[in-house]
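Content type TSV, C-alpha atoms and all ligand atoms, from the file data27.tsv:
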```
chain	number	residue	atom	x	y	z
O	1	MET	CA	-91.03	55.59	36.40
O	2	SER	CA	-93.44	58.53	36.26
O	3	GLN	CA	-96.28	59.72	38.45
O	4	ASN	CA	-98.71	58.56	35.77
O	5	GLN	CA	-97.30	55.05	35.81
O	6	LEU	CA	-97.56	54.95	39.60
O	7	ASP	CA	-101.21	56.08	39.35
O	8	GLU	CA	-101.87	53.32	36.81
O	9	ILE	CA	-100.38	50.66	39.08
O	10	LYS	CA	-102.36	51.98	42.05
O	11	LYS	CA	-105.60	51.89	40.03
O	12	SER	CA	-104.95	48.39	38.79
O	13	ALA	CA	-103.99	47.14	42.30
O	14	LEU	CA	-107.12	48.65	43.90
O	15	ASN	CA	-109.18	47.03	41.19
O	16	ASP	CA	-107.57	43.58	41.64
O	17	PHE	CA	-107.90	43.77	45.44
O	18	GLU	CA	-111.60	44.72	45.25
O	19	LYS	CA	-112.27	42.05	42.61
O	20	ALA	CA	-110.95	39.18	44.75
O	21	GLN	CA	-113.75	36.72	45.56
O	22	ASN	CA	-111.98	34.88	48.37
O	23	ARG	CA	-108.91	35.08	50.60
O	24	VAL	CA	-106.72	33.06	48.21
O	25	GLU	CA	-107.41	35.43	45.29
O	26	LEU	CA	-106.83	38.43	47.56
O	27	TYR	CA	-103.52	36.99	48.75
O	28	ASN	CA	-102.41	36.35	45.14
O	29	ALA	CA	-103.20	39.96	44.27
O	30	LYS	CA	-101.18	41.14	47.24
O	31	VAL	CA	-98.19	39.05	46.16
O	32	GLN	CA	-98.51	40.43	42.60
O	33	TYR	CA	-98.15	44.02	43.82
O	34	LEU	CA	-96.48	43.98	47.22
O	35	GLY	CA	-94.56	40.66	47.11
O	36	LYS	CA	-90.78	40.30	46.79
O	37	THR	CA	-90.92	40.22	42.99
O	38	GLY	CA	-94.09	42.33	42.75
O	39	ALA	CA	-94.78	45.65	41.01
O	40	PHE	CA	-93.65	47.77	43.94
O	41	THR	CA	-90.25	46.10	44.11
O	42	GLU	CA	-89.82	46.99	40.42
O	43	ILE	CA	-90.83	50.61	41.16
O	44	MET	CA	-88.22	50.83	43.95
O	45	LYS	CA	-85.56	49.45	41.62
O	46	SER	CA	-86.45	51.96	38.88
O	47	MET	CA	-85.97	54.83	41.34
O	48	ALA	CA	-82.22	54.20	41.25
O	49	SER	CA	-81.99	55.95	37.85
O	50	MET	CA	-84.24	58.90	38.86
O	51	PRO	CA	-82.76	62.41	39.30
O	52	LYS	CA	-81.75	62.92	42.94
O	53	ASP	CA	-84.09	65.88	43.61
O	54	GLN	CA	-87.18	63.92	42.49
O	55	LYS	CA	-86.45	60.84	44.60
O	56	PRO	CA	-87.81	62.00	48.02
O	57	VAL	CA	-91.12	63.31	46.62
O	58	PHE	CA	-91.70	60.26	44.45
O	59	GLY	CA	-90.54	57.86	47.17
O	60	LYS	CA	-93.06	59.40	49.60
O	61	LYS	CA	-95.88	58.87	47.11
O	62	VAL	CA	-94.84	55.27	46.52
O	63	ASN	CA	-94.90	54.61	50.29
O	64	GLU	CA	-98.34	56.21	50.60
O	65	VAL	CA	-99.75	53.92	47.92
O	66	LYS	CA	-98.11	50.84	49.52
O	67	ASP	CA	-99.49	51.81	52.90
O	68	LEU	CA	-102.98	52.27	51.42
O	69	LEU	CA	-102.83	48.85	49.75
O	70	GLU	CA	-101.64	47.11	52.93
O	71	LYS	CA	-104.46	48.62	54.99
O	72	LEU	CA	-106.98	47.72	52.30
O	73	TYR	CA	-105.64	44.14	52.30
O	74	VAL	CA	-106.22	43.73	56.06
O	75	HIS	CA	-109.72	45.18	55.77
O	76	LEU	CA	-110.75	43.06	52.77
O	77	GLU	CA	-109.26	39.91	54.25
O	78	SER	CA	-111.40	40.17	57.38
O	79	GLN	CA	-114.49	40.91	55.24
O	80	LEU	CA	-113.85	37.82	53.09
O	81	GLU	CA	-113.29	35.67	56.17
O	82	GLN	CA	-116.68	36.75	57.60
O	83	LYS	CA	-118.27	35.96	54.25
O	84	GLU	CA	-116.71	32.49	54.23
O	85	ILE	CA	-117.96	31.78	57.79
O	86	GLN	CA	-121.47	32.92	56.89
O	87	PHE	CA	-121.42	30.75	53.78
O	88	ARG	CA	-120.37	27.69	55.80
O	89	MET	CA	-122.98	28.33	58.47
O	90	GLN	CA	-125.70	28.53	55.84
O	91	ASN	CA	-124.59	25.50	53.86
O	92	GLU	CA	-123.15	23.03	56.36
O	93	LYS	CA	-125.75	20.98	58.18
O	94	LEU	CA	-125.33	19.34	61.58
O	95	ASP	CA	-126.78	15.83	61.69
O	96	LEU	CA	-127.49	15.11	65.34
O	97	THR	CA	-128.62	11.57	64.51
O	98	LEU	CA	-125.13	10.48	63.40
O	99	PRO	CA	-123.52	8.03	65.89
O	100	GLY	CA	-120.86	9.77	68.01
O	101	SER	CA	-117.24	8.68	68.10
O	102	GLN	CA	-116.64	6.72	71.31
O	103	THR	CA	-114.00	8.00	73.73
O	104	VAL	CA	-112.05	5.27	75.44
O	105	MET	CA	-111.70	6.25	79.09
O	106	GLY	CA	-108.83	4.91	81.17
O	107	HIS	CA	-109.32	3.85	84.78
O	108	LEU	CA	-107.24	3.27	87.87
O	109	HIS	CA	-105.15	0.11	88.22
O	110	PRO	CA	-106.89	-2.31	90.64
O	111	ILE	CA	-103.95	-2.08	93.05
O	112	GLN	CA	-104.41	1.69	93.17
O	113	VAL	CA	-108.15	1.26	93.77
O	114	VAL	CA	-107.50	-1.14	96.66
O	115	THR	CA	-104.76	1.12	98.06
O	116	GLU	CA	-107.10	4.11	98.13
O	117	GLU	CA	-109.84	2.06	99.82
O	118	ILE	CA	-107.38	0.97	102.52
O	119	PHE	CA	-106.27	4.58	103.08
O	120	LYS	CA	-109.90	5.69	103.35
O	121	VAL	CA	-110.68	3.20	106.11
O	122	LEU	CA	-107.48	3.87	108.09
O	123	SER	CA	-107.76	7.63	107.75
O	124	ARG	CA	-111.21	7.42	109.35
O	125	LEU	CA	-109.36	6.05	112.40
O	126	GLY	CA	-106.97	9.03	112.37
O	127	TYR	CA	-104.02	7.45	110.54
O	128	SER	CA	-102.04	9.72	108.23
O	129	LEU	CA	-99.85	8.76	105.31
O	130	ARG	CA	-96.04	8.25	105.31
O	131	THR	CA	-93.80	6.75	102.63
O	132	GLY	CA	-90.02	6.53	103.30
O	133	PRO	CA	-87.07	5.58	101.07
O	134	LEU	CA	-87.16	2.48	98.84
O	135	ILE	CA	-83.40	1.99	99.12
O	136	GLU	CA	-83.08	1.65	102.84
O	137	LYS	CA	-80.12	1.46	105.19
O	138	ASP	CA	-79.64	-2.04	106.62
O	139	TYR	CA	-80.00	-0.30	109.98
O	140	TYR	CA	-83.60	0.84	109.36
O	141	ASN	CA	-84.73	-2.28	107.48
O	142	PHE	CA	-83.34	-4.69	110.07
O	143	GLU	CA	-81.20	-3.53	112.95
O	144	ALA	CA	-83.41	-0.81	114.43
O	145	LEU	CA	-86.28	-3.27	114.16
O	146	ASN	CA	-84.46	-5.64	116.51
O	147	LEU	CA	-83.07	-7.78	113.69
O	148	PRO	CA	-79.30	-7.56	114.30
O	149	GLU	CA	-76.78	-8.90	111.79
O	150	ASN	CA	-76.88	-12.72	111.56
O	151	HIS	CA	-80.27	-12.86	113.34
O	152	PRO	CA	-82.03	-15.95	111.89
O	153	ALA	CA	-85.29	-14.00	111.45
O	154	ARG	CA	-83.61	-12.06	108.61
O	155	ASP	CA	-84.02	-15.25	106.56
O	156	MET	CA	-87.81	-14.73	106.54
O	157	GLN	CA	-87.32	-11.89	104.06
O	158	ASP	CA	-85.21	-12.85	101.04
O	159	THR	CA	-83.37	-9.58	100.53
O	160	PHE	CA	-81.95	-7.68	97.53
O	161	PHE	CA	-78.75	-6.01	98.76
O	162	VAL	CA	-77.66	-2.81	96.99
O	163	ASP	CA	-74.31	-2.81	98.79
O	164	LYS	CA	-73.07	-3.97	102.20
O	165	THR	CA	-75.10	-1.40	104.14
O	166	HIS	CA	-78.10	-0.73	101.86
O	167	VAL	CA	-81.02	-2.93	100.79
O	168	LEU	CA	-84.16	-2.57	98.68
O	169	ARG	CA	-86.54	-2.37	101.63
O	170	THR	CA	-88.16	-5.73	102.26
O	171	HIS	CA	-91.14	-4.32	104.19
O	172	THR	CA	-92.69	-1.01	105.22
O	173	SER	CA	-91.75	-1.48	108.90
O	174	PRO	CA	-88.65	0.80	108.60
O	175	ILE	CA	-91.14	3.68	108.22
O	176	GLN	CA	-92.05	3.04	111.87
O	177	VAL	CA	-88.50	3.86	112.93
O	178	HIS	CA	-88.23	7.01	110.77
O	179	SER	CA	-91.46	8.32	112.29
O	180	LEU	CA	-90.45	7.43	115.86
O	181	GLU	CA	-87.13	9.24	115.36
O	182	ASN	CA	-88.53	12.35	113.72
O	183	GLU	CA	-92.10	12.93	114.86
O	184	LYS	CA	-93.85	14.04	117.99
O	185	LEU	CA	-95.85	11.51	120.03
O	186	PRO	CA	-98.68	10.44	120.19
O	187	LEU	CA	-98.70	9.23	116.62
O	188	ARG	CA	-100.92	7.29	114.21
O	189	ILE	CA	-99.40	6.62	110.81
O	190	MET	CA	-100.01	4.42	107.79
O	191	GLY	CA	-96.69	3.84	106.04
O	192	THR	CA	-96.97	2.56	102.51
O	193	GLY	CA	-95.27	1.98	99.17
O	194	PRO	CA	-93.36	-0.65	97.20
O	195	VAL	CA	-91.25	-3.32	98.91
O	196	PHE	CA	-88.95	-5.93	97.37
O	197	ARG	CA	-88.12	-9.57	98.05
O	198	CYS	CA	-86.51	-12.31	96.00
O	199	ASP	CA	-89.85	-14.17	95.69
O	200	SER	CA	-91.98	-15.19	92.72
O	201	ASP	CA	-94.83	-17.68	92.53
O	202	ILE	CA	-98.61	-17.78	92.32
O	203	SER	CA	-98.96	-15.86	95.62
O	204	HIS	CA	-95.61	-14.01	95.81
O	205	LEU	CA	-94.15	-11.12	93.83
O	206	PRO	CA	-90.60	-9.75	93.88
O	207	HIS	CA	-91.99	-6.18	93.86
O	208	PHE	CA	-95.20	-5.66	95.80
O	209	HIS	CA	-96.82	-3.07	98.08
O	210	GLN	CA	-97.45	-3.03	101.80
O	211	VAL	CA	-99.35	-0.93	104.29
O	212	GLU	CA	-97.96	-0.47	107.78
O	213	GLY	CA	-100.14	0.84	110.56
O	214	MET	CA	-98.52	2.20	113.71
O	215	CYS	CA	-100.21	3.74	116.72
O	216	VAL	CA	-98.13	5.08	119.64
O	217	ASP	CA	-99.86	6.55	122.67
O	218	GLU	CA	-100.25	6.08	126.42
O	219	ASN	CA	-101.94	2.94	127.81
O	220	ILE	CA	-102.03	1.04	124.52
O	221	SER	CA	-102.80	-2.69	124.76
O	222	MET	CA	-103.51	-5.71	122.53
O	223	ALA	CA	-107.21	-4.85	122.89
O	224	ASP	CA	-106.63	-1.61	120.92
O	225	LEU	CA	-104.80	-3.53	118.20
O	226	LYS	CA	-107.55	-6.16	117.93
O	227	GLY	CA	-110.29	-3.54	117.82
O	228	THR	CA	-108.48	-1.65	115.08
O	229	ILE	CA	-107.89	-4.74	112.93
O	230	ALA	CA	-111.47	-6.01	113.40
O	231	TYR	CA	-112.86	-2.60	112.37
O	232	PHE	CA	-110.53	-2.44	109.38
O	233	ILE	CA	-111.47	-5.93	108.09
O	234	LYS	CA	-115.19	-5.24	108.42
O	235	GLU	CA	-114.95	-1.87	106.68
O	236	PHE	CA	-112.77	-3.18	103.87
O	237	PHE	CA	-114.30	-6.61	103.12
O	238	GLY	CA	-117.78	-6.41	104.62
O	239	ARG	CA	-119.47	-6.22	107.99
O	240	GLU	CA	-120.28	-9.95	108.14
O	241	LEU	CA	-116.59	-11.00	108.18
O	242	LYS	CA	-114.84	-12.21	111.31
O	243	THR	CA	-111.22	-11.63	112.38
O	244	ARG	CA	-108.95	-14.08	114.14
O	245	PHE	CA	-105.49	-13.68	115.70
O	246	ARG	CA	-102.88	-16.44	115.79
O	247	PRO	CA	-99.68	-16.23	117.87
O	248	SER	CA	-96.65	-15.54	115.69
O	249	PHE	CA	-93.17	-14.06	115.78
O	250	PHE	CA	-91.78	-10.75	114.52
O	251	PRO	CA	-88.65	-9.41	116.24
O	252	PHE	CA	-90.07	-5.87	116.23
O	253	THR	CA	-93.32	-6.73	118.06
O	254	GLU	CA	-93.90	-8.49	121.38
O	255	PRO	CA	-96.31	-10.22	121.64
O	256	SER	CA	-96.72	-10.84	117.91
O	257	ALA	CA	-99.62	-12.24	115.95
O	258	GLU	CA	-100.80	-12.98	112.47
O	259	PHE	CA	-104.34	-11.99	111.69
O	260	ASP	CA	-106.81	-13.69	109.35
O	261	CYS	CA	-110.28	-12.84	108.17
O	262	SER	CA	-113.08	-15.30	107.50
O	263	CYS	CA	-112.98	-16.04	103.76
O	264	PRO	CA	-114.91	-13.29	101.92
O	265	VAL	CA	-115.53	-15.65	98.96
O	266	CYS	CA	-117.23	-18.56	100.81
O	267	LYS	CA	-118.02	-16.61	104.01
O	268	GLY	CA	-116.12	-19.16	106.08
O	269	GLN	CA	-117.69	-22.31	104.59
O	270	GLY	CA	-114.48	-23.45	102.83
O	271	CYS	CA	-113.46	-22.97	99.18
O	272	SER	CA	-110.37	-23.07	96.94
O	273	MET	CA	-109.51	-19.46	97.82
O	274	CYS	CA	-109.08	-20.33	101.52
O	275	ASN	CA	-107.79	-23.90	101.02
O	276	ASN	CA	-111.05	-25.11	102.56
O	277	SER	CA	-110.08	-23.64	105.92
O	278	GLY	CA	-112.67	-20.84	105.92
O	279	TRP	CA	-109.92	-18.35	106.89
O	280	ILE	CA	-107.49	-16.20	104.89
O	281	GLU	CA	-104.24	-14.77	106.23
O	282	ILE	CA	-104.03	-11.00	105.93
O	283	GLY	CA	-100.86	-9.83	107.72
O	284	GLY	CA	-98.71	-9.53	110.81
O	285	ALA	CA	-99.14	-7.40	113.92
O	286	GLY	CA	-98.23	-6.93	117.57
O	287	LEU	CA	-97.31	-4.53	120.33
O	288	ILE	CA	-94.16	-2.58	119.48
O	289	ASN	CA	-91.13	-4.24	121.03
O	290	PRO	CA	-89.49	-1.91	123.62
O	291	LYS	CA	-86.18	-2.60	121.81
O	292	VAL	CA	-87.52	-0.69	118.79
O	293	PHE	CA	-88.50	2.20	121.07
O	294	GLU	CA	-85.03	2.15	122.63
O	295	HIS	CA	-83.36	2.44	119.19
O	296	ALA	CA	-85.52	5.48	118.47
O	297	LYS	CA	-84.96	6.92	121.99
O	298	VAL	CA	-88.65	6.81	122.94
O	299	ASP	CA	-89.46	6.84	126.67
O	300	THR	CA	-90.96	3.37	127.22
O	301	SER	CA	-92.20	4.23	130.70
O	302	LYS	CA	-94.64	6.65	129.09
O	303	TRP	CA	-95.39	5.36	125.58
O	304	GLN	CA	-96.64	2.06	124.22
O	305	GLY	CA	-97.81	1.18	120.75
O	306	PHE	CA	-99.00	-1.41	118.30
O	307	ALA	CA	-98.17	-2.00	114.66
O	308	PHE	CA	-99.57	-4.10	111.85
O	309	GLY	CA	-98.56	-4.72	108.26
O	310	PHE	CA	-100.05	-6.46	105.23
O	311	GLY	CA	-99.61	-6.78	101.48
O	312	ILE	CA	-101.85	-4.72	99.19
O	313	GLU	CA	-101.73	-7.24	96.31
O	314	ARG	CA	-102.83	-9.97	98.74
O	315	MET	CA	-105.80	-7.82	99.78
O	316	ALA	CA	-106.64	-7.35	96.10
O	317	ILE	CA	-106.55	-11.07	95.21
O	318	ILE	CA	-108.84	-11.80	98.16
O	319	LYS	CA	-111.22	-8.97	97.35
O	320	TYR	CA	-111.51	-9.83	93.65
O	321	GLY	CA	-111.10	-13.63	93.95
O	322	ILE	CA	-107.97	-13.78	91.73
O	323	GLU	CA	-105.91	-16.95	91.63
O	324	ASP	CA	-102.52	-15.70	90.45
O	325	ILE	CA	-101.02	-12.57	92.08
O	326	ARG	CA	-98.60	-12.16	89.14
O	327	LEU	CA	-101.46	-10.92	86.94
O	328	PHE	CA	-101.33	-7.48	88.63
O	329	PRO	CA	-97.93	-6.27	87.45
O	330	GLU	CA	-98.23	-7.90	84.00
O	331	ASN	CA	-100.42	-5.02	82.83
O	332	ASP	CA	-102.30	-7.14	80.29
O	333	LEU	CA	-105.22	-4.95	79.22
O	334	ARG	CA	-107.54	-7.97	78.91
O	335	PHE	CA	-107.07	-8.47	82.65
O	336	LEU	CA	-107.06	-4.80	83.69
O	337	LYS	CA	-110.19	-3.87	81.70
O	338	GLN	CA	-112.24	-6.12	83.97
O	339	PHE	CA	-111.70	-3.60	86.78
O	340	ASN	CA	-113.30	-0.70	84.92
O	341	GLU	CA	-116.10	0.24	87.27
O	342	GLN	CA	-117.76	2.35	84.57
O	343	SER	CA	-118.31	-0.55	82.16
U	401	LIG	C1	-93.87	-8.22	107.39
U	401	LIG	O1	-93.43	-7.76	106.34
U	401	LIG	C2	-93.94	-7.37	108.64
U	401	LIG	N1	-93.21	-6.20	108.43
U	401	LIG	C3	-95.41	-7.11	108.97
U	401	LIG	C4	-95.61	-6.51	110.33
U	401	LIG	C5	-95.74	-5.16	110.48
U	401	LIG	C6	-95.64	-7.36	111.46
U	401	LIG	C7	-95.90	-4.62	111.72
U	401	LIG	C8	-95.79	-6.82	112.68
U	401	LIG	C9	-95.94	-5.45	112.84
U	401	LIG	P1	-94.56	-10.53	106.37
U	401	LIG	O2	-93.22	-10.88	105.86
U	401	LIG	O3	-95.40	-11.61	106.90
U	401	LIG	O4	-94.45	-9.39	107.51
U	401	LIG	O5	-95.35	-9.76	105.22
U	401	LIG	C10	-96.59	-9.13	105.49
U	401	LIG	C11	-97.56	-9.38	104.35
U	401	LIG	O6	-96.97	-8.99	103.11
U	401	LIG	C12	-97.92	-10.84	104.15
U	401	LIG	O7	-98.95	-11.21	105.02
U	401	LIG	C13	-98.41	-10.82	102.72
U	401	LIG	O8	-99.72	-10.26	102.66
U	401	LIG	C14	-97.49	-9.80	102.08
U	401	LIG	N2	-96.39	-10.44	101.35
U	401	LIG	C15	-95.24	-10.94	101.88
U	401	LIG	N3	-94.43	-11.38	100.89
U	401	LIG	C16	-95.07	-11.14	99.73
U	401	LIG	C17	-94.74	-11.32	98.35
U	401	LIG	N4	-93.56	-11.82	97.98
U	401	LIG	N5	-95.63	-10.95	97.41
U	401	LIG	C18	-96.81	-10.39	97.76
U	401	LIG	N6	-97.18	-10.16	99.05
U	401	LIG	C19	-96.33	-10.53	100.01
```
Show me the file's structure as structure tokens.
Ligand code: FA5
Amino acid sequence: MSQNQLDEIKKSALNDFEKAQNRVELYNAKVQYLGKTGAFTEIMKSMASMPKDQKPVFGKKVNEVKDLLEKLYVHLESQLEQKEIQFRMQNEKLDLTLPGSQTVMGHLHPIQVVTEEIFKVLSRLGYSLRTGPLIEKDYYNFEALNLPENHPARDMQDTFFVDKTHVLRTHTSPIQVHSLENEKLPLRIMGTGPVFRCDSDISHLPHFHQVEGMCVDENISMADLKGTIAYFIKEFFGRELKTRFRPSFFPFTEPSAEFDCSCPVCKGQGCSMCNNSGWIEIGGAGLINPKVFEHAKVDTSKWQGFAFGFGIERMAIIKYGIEDIRLFPENDLRFLKQFNEQS
């Protein structure tokens, strides 16, 4: 390979690079000269048979030409790219009258919507959120709540046992005990999350959600509990609704009550939702039994409290007038889409 031949290749390469009309042609020219099997690889191979003293000088020249071509390639490529963009901008037209492609927006599950509404109302009364473990010690789910082993009231909650001392929590009331043990008084909490019972029919689920309100302070009475529940029902369902308390029994409250609201569907006139009674049961409540305080080592001469608990799915079926509670966890889109507030 001579200097003249190298000059010829350089001239031809410069010419081919400059001639390229687009980036594909430019790339092909690059491969032809600088690629693995291109002209410059051949030049390097031919240098093997060159006299030793000529190799460094010739090699330097070869590298200079390669360097020049590589720089030229980068420069020309960016020029051609600009040209292509300009061409597209001049020739492509934007038709603003074409119909757009519709984006399908998701939305919150109705149970989540109801849960957030409940939190909003209770947080206005100063309640803050707690959760607690789903696999709960028998002690927290039952015993510390004044439900000792073999107590008949345990039968009210058909329980999934994990082993002899652990259960899938059957209610959110154990959160009361965790908070009483670990937090400073006075206290206002809303404990929430999934709970589990061996139940399944039109108004019962094996896996549902509860909210537990607990207020511990000095001089707390049933009047505070009733005021809180009445405010909550009005804020959640509507100001015209009434609240009623019926005596009941929960081992962890004394006295205990169940509370109902006047039926939000028929406004108390009687309909299929309320079995023609005009009232719908919401949940359980009462003043915290001193036995629960004793388990958590709370000074009962100073502190009193009330607690209430209800099911979130039940609140949702009442609010939306749904007949079968099992529709919520089925996740059938035909059902869920009806709760899209944007549509
Ligand atoms: C309790 O679970 C008590 N822990 C409530 C409580 C808290 C009382 C604090 C006193 C003080 P009960 O088992 O009644 O109570 O359940 C409360 C609510 O959960 C019911 O009113 C109902 O709304 C809901 N619920 C109960 N079982 C199911 C179920 N299987 N599916 C859906 N919701 C249910």
Residues within 9 Å of ligand LIG 401 (chain U) should be enumerated using only C-alpha atoms and all ligand atoms and returned as a short mmCIF file (atom, residue, chain, number, x, y, z; two decimals) with C-alpha atoms, keeping the file's coordinate frame.
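Result went into out.cif, see below:
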```cif
data_model
loop_
_atom_site.label_atom_id
_atom_site.label_comp_id
_atom_site.auth_asym_id
_atom_site.auth_seq_id
_atom_site.Cartn_x
_atom_site.Cartn_y
_atom_site.Cartn_z
CA MET O 156 -87.81 -14.73 106.54
CA GLN O 157 -87.32 -11.89 104.06
CA ASP O 158 -85.21 -12.85 101.04
CA THR O 170 -88.16 -5.73 102.26
CA HIS O 171 -91.14 -4.32 104.19
CA THR O 172 -92.69 -1.01 105.22
CA SER O 173 -91.75 -1.48 108.90
CA PRO O 174 -88.65 0.80 108.60
CA GLN O 176 -92.05 3.04 111.87
CA VAL O 195 -91.25 -3.32 98.91
CA PHE O 196 -88.95 -5.93 97.37
CA ARG O 197 -88.12 -9.57 98.05
CA CYS O 198 -86.51 -12.31 96.00
CA ASP O 199 -89.85 -14.17 95.69
CA SER O 200 -91.98 -15.19 92.72
CA ASP O 201 -94.83 -17.68 92.53
CA SER O 203 -98.96 -15.86 95.62
CA HIS O 204 -95.61 -14.01 95.81
CA LEU O 205 -94.15 -11.12 93.83
CA PRO O 206 -90.60 -9.75 93.88
CA HIS O 207 -91.99 -6.18 93.86
CA PHE O 208 -95.20 -5.66 95.80
CA HIS O 209 -96.82 -3.07 98.08
CA GLN O 210 -97.45 -3.03 101.80
CA VAL O 211 -99.35 -0.93 104.29
CA GLU O 212 -97.96 -0.47 107.78
CA GLY O 213 -100.14 0.84 110.56
CA MET O 214 -98.52 2.20 113.71
CA PHE O 249 -93.17 -14.06 115.78
CA PHE O 250 -91.78 -10.75 114.52
CA PRO O 251 -88.65 -9.41 116.24
CA PHE O 252 -90.07 -5.87 116.23
CA THR O 253 -93.32 -6.73 118.06
CA SER O 256 -96.72 -10.84 117.91
CA ALA O 257 -99.62 -12.24 115.95
CA GLU O 258 -100.80 -12.98 112.47
CA PHE O 259 -104.34 -11.99 111.69
CA GLU O 281 -104.24 -14.77 106.23
CA ILE O 282 -104.03 -11.00 105.93
CA GLY O 283 -100.86 -9.83 107.72
CA GLY O 284 -98.71 -9.53 110.81
CA ALA O 285 -99.14 -7.40 113.92
CA GLY O 286 -98.23 -6.93 117.57
CA LEU O 287 -97.31 -4.53 120.33
CA ILE O 288 -94.16 -2.58 119.48
CA PHE O 306 -99.00 -1.41 118.30
CA ALA O 307 -98.17 -2.00 114.66
CA PHE O 308 -99.57 -4.10 111.85
CA GLY O 309 -98.56 -4.72 108.26
CA PHE O 310 -100.05 -6.46 105.23
CA GLY O 311 -99.61 -6.78 101.48
CA ILE O 312 -101.85 -4.72 99.19
CA GLU O 313 -101.73 -7.24 96.31
CA ARG O 314 -102.83 -9.97 98.74
CA MET O 315 -105.80 -7.82 99.78
CA ILE O 325 -101.02 -12.57 92.08
CA ARG O 326 -98.60 -12.16 89.14
#
```
* For His166 (chain O), please output as a PyMOL selection string all residues within 8 Å (counting only C-alpha atoms; exclusion window: fewer than 3 positions along the same chain). => chain O and resi 135-138+161-163
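Proximity ranking of O:Asn63, O:Gln90, O:Asn340, O:Gln21 relative to Glu77 (chain O) places O:Gln21 first, based on all atoms listed in the file.
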* To do: Find the residues around Lys83 (chain O) up to 9 Å (only C-alpha atoms counted), leave out those fewer than 5 positions away in its own chain, and share them as a list in words.
  => Asn22, Ser78 and Arg88 of chain O
So that I have them on file, write out the residues from the current selection with C-alpha atoms, as a PDB file, keeping the file's coordinate frame.
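Result saved to result.pdb:
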```pdb
ATOM      1  CA  ASN O  22    -111.980  34.880  48.370  1.00  0.00           C
ATOM      2  CA  SER O  78    -111.400  40.170  57.380  1.00  0.00           C
ATOM      3  CA  ARG O  88    -120.370  27.690  55.800  1.00  0.00           C
TER       4      ARG O  88
END
```
Neighbours of Asp16 (chain O) within 12 Å (only C-alpha atoms; same-chain residues fewer than 3 positions away dropped), as a PDB file with C-alpha atoms, in the frame of the given file?
```pdb
ATOM      1  CA  ILE O   9    -100.380  50.660  39.080  1.00  0.00           C
ATOM      2  CA  LYS O  10    -102.360  51.980  42.050  1.00  0.00           C
ATOM      3  CA  LYS O  11    -105.600  51.890  40.030  1.00  0.00           C
ATOM      4  CA  SER O  12    -104.950  48.390  38.790  1.00  0.00           C
ATOM      5  CA  ALA O  13    -103.990  47.140  42.300  1.00  0.00           C
ATOM      6  CA  LYS O  19    -112.270  42.050  42.610  1.00  0.00           C
ATOM      7  CA  ALA O  20    -110.950  39.180  44.750  1.00  0.00           C
ATOM      8  CA  GLN O  21    -113.750  36.720  45.560  1.00  0.00           C
ATOM      9  CA  ASN O  22    -111.980  34.880  48.370  1.00  0.00           C
ATOM     10  CA  GLU O  25    -107.410  35.430  45.290  1.00  0.00           C
ATOM     11  CA  LEU O  26    -106.830  38.430  47.560  1.00  0.00           C
ATOM     12  CA  TYR O  27    -103.520  36.990  48.750  1.00  0.00           C
ATOM     13  CA  ASN O  28    -102.410  36.350  45.140  1.00  0.00           C
ATOM     14  CA  ALA O  29    -103.200  39.960  44.270  1.00  0.00           C
ATOM     15  CA  LYS O  30    -101.180  41.140  47.240  1.00  0.00           C
ATOM     16  CA  VAL O  31     -98.190  39.050  46.160  1.00  0.00           C
ATOM     17  CA  GLN O  32     -98.510  40.430  42.600  1.00  0.00           C
ATOM     18  CA  TYR O  33     -98.150  44.020  43.820  1.00  0.00           C
ATOM     19  CA  LEU O  69    -102.830  48.850  49.750  1.00  0.00           C
ATOM     20  CA  LEU O  72    -106.980  47.720  52.300  1.00  0.00           C
ATOM     21  CA  TYR O  73    -105.640  44.140  52.300  1.00  0.00           C
ATOM     22  CA  LEU O  76    -110.750  43.060  52.770  1.00  0.00           C
TER      23      LEU O  76
END
```
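For the pair CA of Ile322 (chain O) and CA of Phe160 (chain O), the separation is 27.3 Å.
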* Asked: If you count all atoms listed in the file, which residues fall within 8 Å of region 276-280 of chain O, apart from same-chain ones fewer than 5 positions away, as a PyMOL selection string?
  -> chain O and resi 260-263+266-271
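Separating CA of Asp299 (chain O) from CA of Arg169 (chain O) is a distance of 26.8 Å.
Residues in contact range of Leu333 (chain O), defined as at most 12 Å between only C-alpha atoms, with sequence neighbours fewer than 4 positions away removed, read Gly106, His107, His109, Pro110, Leu327, Phe328, Pro329, Lys337, Gln338, Phe339 and Asn340 of chain O.
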* Taking all atoms listed in the file into account, which of O:Ile118, O:Met89, O:Ala316, O:Leu6 comes nearest Val62 (chain O)? -> O:Leu6
Build an axis-aligned box that encloses every atom of region 260-271 of chain O listed in the file, pad it by 3 Å on each side, and report its centre and edge lengths in Å to one decimal, as JSON.
```
{"center_x": -112.4, "center_y": -18.1, "center_z": 104.2, "size_x": 17.2, "size_y": 16.6, "size_z": 16.4}
```
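CA of Trp303 (chain O) to CA of Pro194 (chain O) spans 29.1 Å [interatomic distance, one decimal].
Remark: for Asn141 (chain O), the closest of the candidate residues O:Gln304, O:Thr165, O:Asn275, O:Ser248 is O:Thr165 (distances computed over all atoms listed in the file).
Across O:Ile202, O:Val114, O:Leu180, O:Val121, the tightest approach to Asp324 (chain O) is made by O:Ile202 when counting all atoms listed in the file.
Each of O:Ile189, O:Phe142, O:Phe17, O:Phe58 was compared to Thr159 (chain O) using only C-alpha atoms, and O:Phe142 turns out to be the nearest.
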